[in-house]
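Presented below is the structure to which this report refers.
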Amino acid sequence: MTEATTAQLGLRTQLFRFVLTGGLSAIVDYGLLVVLMAFGLDHTPAKVLSFIAGTTTAYLINRRWTFNSDGSRRKFAAVMALYALTFVLQVGIFTPLYPWLVSLGLGSEFMPKMNWAQLFGFVVAQGVATAVNFVVQRSVIFKA
């Protein structure tokens with residue numbers, strides 16, 4: 001699809017596709033976070049690696065399906081700069097939030113087989129980054 005096709009996609013369609021893509025990317029991100037931490041990697045480097053995997057998934061799908069863009073070097077650079085910002089947001093939020101939530105008793109001791117601090121920290125960090133990501137991609141990078 002071409003850039004002209006982007007104008008034909010309304011806000012609702014783009015938002016729906018962005019959320020669906022984000023859900024898949026979040027599964028990649030969170031799944032890898034859980035696996036890496038289960039294998040003993042500390043929460044911050046685990047989040048860094050899971051973020052990279054999740055955002056790569058999101059970029060590849062959103063560029064084509066959500067925003068119908070063939071891409072360009074300029075757009076790729078802009079998305080990478082945006083992902084750098086969302087990386088800082090996600091890791092910057094998750095890093096202090098996770099230990100704080102654990103200190104509140106929301107670790108795996110709170111409910112065995114589920115680390116609620118990990119889940120809540122992930123959801124908050126992901127939510128903030130996702131909102132920023134959609135607004136910037138739609139209104140600046142892939143603007144029709």
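By convention here, the chains of the structure tokens are called A, B, ... in the order presented, each chain's residues are numbered starting at 1, and ligands are numbered starting at 1 in the order presented.
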Enumerate as a PyMOL selection string all residues of chain A assigned to helix (DSSP H, G or I) by DSSP on the backbone, naming them with the chain letters and numbers the document uses. chain A and resi 3-6+11-38+43-66+73-103+116-141
Would you list the contacts of A:Arg17 as a ChimeraX atom specification, taking every protein, DNA or RNA residue within 12 Å and counting only C-alpha atoms, but skipping same-chain residues closer than 2 positions in sequence? /A:9-15,19-25,58,61-68,134,138
Nearby residues (only C-alpha atoms) at most 12 Å from stretch 55-57 of chain A, same-chain spacing under 3 positions excluded, as a VMD selection string: chain A and resid 18 20 to 30 47 to 52 60 to 64 76 79 to 80 82 to 87 90 126 129 to 130 133
Taking N, CA, C and O atoms for each residue, export the selection above as a short mmCIF file (atom, residue, chain, number, x, y, z; two decimals), in the first residue's frame.
```cif
data_model
loop_
_atom_site.label_atom_id
_atom_site.label_comp_id
_atom_site.auth_asym_id
_atom_site.auth_seq_id
_atom_site.Cartn_x
_atom_site.Cartn_y
_atom_site.Cartn_z
N PHE A 18 -3.56 -0.59 15.82
CA PHE A 18 -2.44 -0.28 16.71
C PHE A 18 -2.57 -1.05 18.02
O PHE A 18 -1.61 -1.62 18.52
N LEU A 20 -4.32 -3.85 18.51
CA LEU A 20 -4.15 -5.27 18.22
C LEU A 20 -2.66 -5.62 18.07
O LEU A 20 -2.17 -6.59 18.65
N THR A 21 -1.97 -4.81 17.30
CA THR A 21 -0.54 -5.00 17.13
C THR A 21 0.18 -4.85 18.46
O THR A 21 1.09 -5.62 18.78
N GLY A 22 -0.24 -3.85 19.23
CA GLY A 22 0.36 -3.64 20.55
C GLY A 22 0.15 -4.83 21.47
O GLY A 22 1.03 -5.19 22.26
N GLY A 23 -1.04 -5.45 21.38
CA GLY A 23 -1.31 -6.63 22.19
C GLY A 23 -0.35 -7.76 21.86
O GLY A 23 0.23 -8.39 22.75
N LEU A 24 -0.16 -8.01 20.57
CA LEU A 24 0.78 -9.04 20.15
C LEU A 24 2.20 -8.69 20.59
O LEU A 24 2.93 -9.54 21.11
N SER A 25 2.58 -7.45 20.39
CA SER A 25 3.92 -7.01 20.77
C SER A 25 4.12 -7.07 22.28
O SER A 25 5.21 -7.40 22.75
N ALA A 26 3.07 -6.77 23.03
CA ALA A 26 3.14 -6.86 24.49
C ALA A 26 3.32 -8.30 24.95
O ALA A 26 4.03 -8.57 25.92
N ILE A 27 2.68 -9.23 24.24
CA ILE A 27 2.87 -10.65 24.56
C ILE A 27 4.33 -11.05 24.34
O ILE A 27 4.93 -11.74 25.17
N VAL A 28 4.90 -10.59 23.24
CA VAL A 28 6.32 -10.85 22.97
C VAL A 28 7.18 -10.23 24.07
O VAL A 28 8.05 -10.89 24.66
N ASP A 29 6.92 -8.96 24.38
CA ASP A 29 7.69 -8.22 25.39
C ASP A 29 7.55 -8.87 26.76
O ASP A 29 8.55 -9.24 27.40
N TYR A 30 6.33 -9.03 27.23
CA TYR A 30 6.09 -9.58 28.57
C TYR A 30 6.55 -11.04 28.67
O TYR A 30 7.17 -11.44 29.66
N LYS A 47 14.20 -6.32 31.09
CA LYS A 47 13.25 -5.38 30.49
C LYS A 47 13.84 -4.75 29.23
O LYS A 47 13.13 -4.52 28.25
N VAL A 48 15.12 -4.47 29.24
CA VAL A 48 15.78 -3.89 28.07
C VAL A 48 15.65 -4.85 26.88
O VAL A 48 15.23 -4.46 25.78
N LEU A 49 15.98 -6.11 27.08
CA LEU A 49 15.92 -7.09 26.00
C LEU A 49 14.49 -7.36 25.55
O LEU A 49 14.22 -7.46 24.34
N SER A 50 13.57 -7.45 26.50
CA SER A 50 12.19 -7.71 26.12
C SER A 50 11.59 -6.52 25.37
O SER A 50 10.82 -6.68 24.43
N PHE A 51 11.98 -5.31 25.77
CA PHE A 51 11.52 -4.10 25.09
C PHE A 51 11.97 -4.11 23.62
O PHE A 51 11.19 -3.81 22.72
N ILE A 52 13.22 -4.45 23.39
CA ILE A 52 13.75 -4.47 22.03
C ILE A 52 12.97 -5.46 21.17
O ILE A 52 12.57 -5.14 20.04
N LEU A 60 7.51 -3.45 12.80
CA LEU A 60 7.35 -4.18 11.54
C LEU A 60 5.88 -4.33 11.15
O LEU A 60 5.53 -4.20 9.97
N ILE A 61 5.02 -4.57 12.13
CA ILE A 61 3.60 -4.73 11.83
C ILE A 61 2.92 -3.37 11.62
O ILE A 61 2.17 -3.18 10.65
N ASN A 62 3.17 -2.41 12.50
CA ASN A 62 2.50 -1.10 12.40
C ASN A 62 2.86 -0.35 11.13
O ASN A 62 2.00 0.29 10.53
N ARG A 63 4.10 -0.42 10.73
CA ARG A 63 4.53 0.32 9.54
C ARG A 63 3.70 -0.08 8.33
O ARG A 63 3.23 0.77 7.58
N ARG A 64 3.47 -1.35 8.17
CA ARG A 64 2.74 -1.83 7.00
C ARG A 64 1.23 -1.86 7.21
O ARG A 64 0.48 -1.37 6.39
N PHE A 76 12.02 5.59 9.19
CA PHE A 76 12.66 4.58 10.03
C PHE A 76 13.46 5.26 11.15
O PHE A 76 13.38 4.87 12.31
N VAL A 79 11.05 6.68 13.71
CA VAL A 79 10.49 5.64 14.57
C VAL A 79 11.53 5.16 15.57
O VAL A 79 11.23 4.95 16.75
N MET A 80 12.77 5.02 15.14
CA MET A 80 13.83 4.60 16.06
C MET A 80 14.05 5.64 17.17
O MET A 80 14.25 5.29 18.32
N LEU A 82 11.72 7.68 18.25
CA LEU A 82 10.53 7.54 19.10
C LEU A 82 10.68 6.33 20.01
O LEU A 82 10.35 6.39 21.20
N TYR A 83 11.16 5.21 19.47
CA TYR A 83 11.36 4.02 20.30
C TYR A 83 12.43 4.26 21.36
O TYR A 83 12.35 3.68 22.44
N ALA A 84 13.40 5.09 21.06
CA ALA A 84 14.38 5.44 22.09
C ALA A 84 13.69 6.17 23.24
O ALA A 84 13.95 5.90 24.42
N LEU A 85 12.77 7.08 22.89
CA LEU A 85 12.00 7.79 23.91
C LEU A 85 11.11 6.82 24.69
O LEU A 85 11.07 6.86 25.92
N THR A 86 10.41 5.94 23.98
CA THR A 86 9.54 5.00 24.69
C THR A 86 10.35 3.98 25.48
O THR A 86 9.88 3.49 26.50
N PHE A 87 11.56 3.70 25.03
CA PHE A 87 12.46 2.85 25.81
C PHE A 87 12.78 3.51 27.14
O PHE A 87 12.67 2.88 28.20
N GLN A 90 9.59 3.38 29.26
CA GLN A 90 9.28 2.05 29.79
C GLN A 90 10.26 1.60 30.85
O GLN A 90 9.87 1.19 31.94
N GLN A 126 4.11 -0.04 30.01
CA GLN A 126 3.64 -0.27 28.64
C GLN A 126 2.54 0.71 28.26
O GLN A 126 2.51 1.23 27.15
N ALA A 129 3.98 4.26 27.55
CA ALA A 129 4.75 4.25 26.31
C ALA A 129 3.85 4.07 25.09
O ALA A 129 4.07 4.68 24.04
N THR A 130 2.83 3.23 25.20
CA THR A 130 1.92 2.98 24.08
C THR A 130 1.15 4.24 23.70
O THR A 130 0.99 4.54 22.51
N ASN A 133 3.52 6.55 21.97
CA ASN A 133 3.88 5.96 20.69
C ASN A 133 2.81 6.18 19.63
O ASN A 133 3.10 6.60 18.51
#
```
Using only C-alpha atoms, find the one residue out of A:Arg74, A:Gly121, A:Gly127, A:Met114 that sits nearest to A:Val140. A:Arg74
Which of A:Ser69, A:Thr95, A:Ser139, A:Ser103 sits closest to A:Asp42 [using only C-alpha atoms]: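 Among A:Ser69, A:Thr95, A:Ser139, A:Ser103, it is A:Thr95 that comes nearest to A:Asp42.
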What is the distance between atom CA of A:Phe39 and atom CA of A:Gln118, in Å to one decimal? 14.7 Å
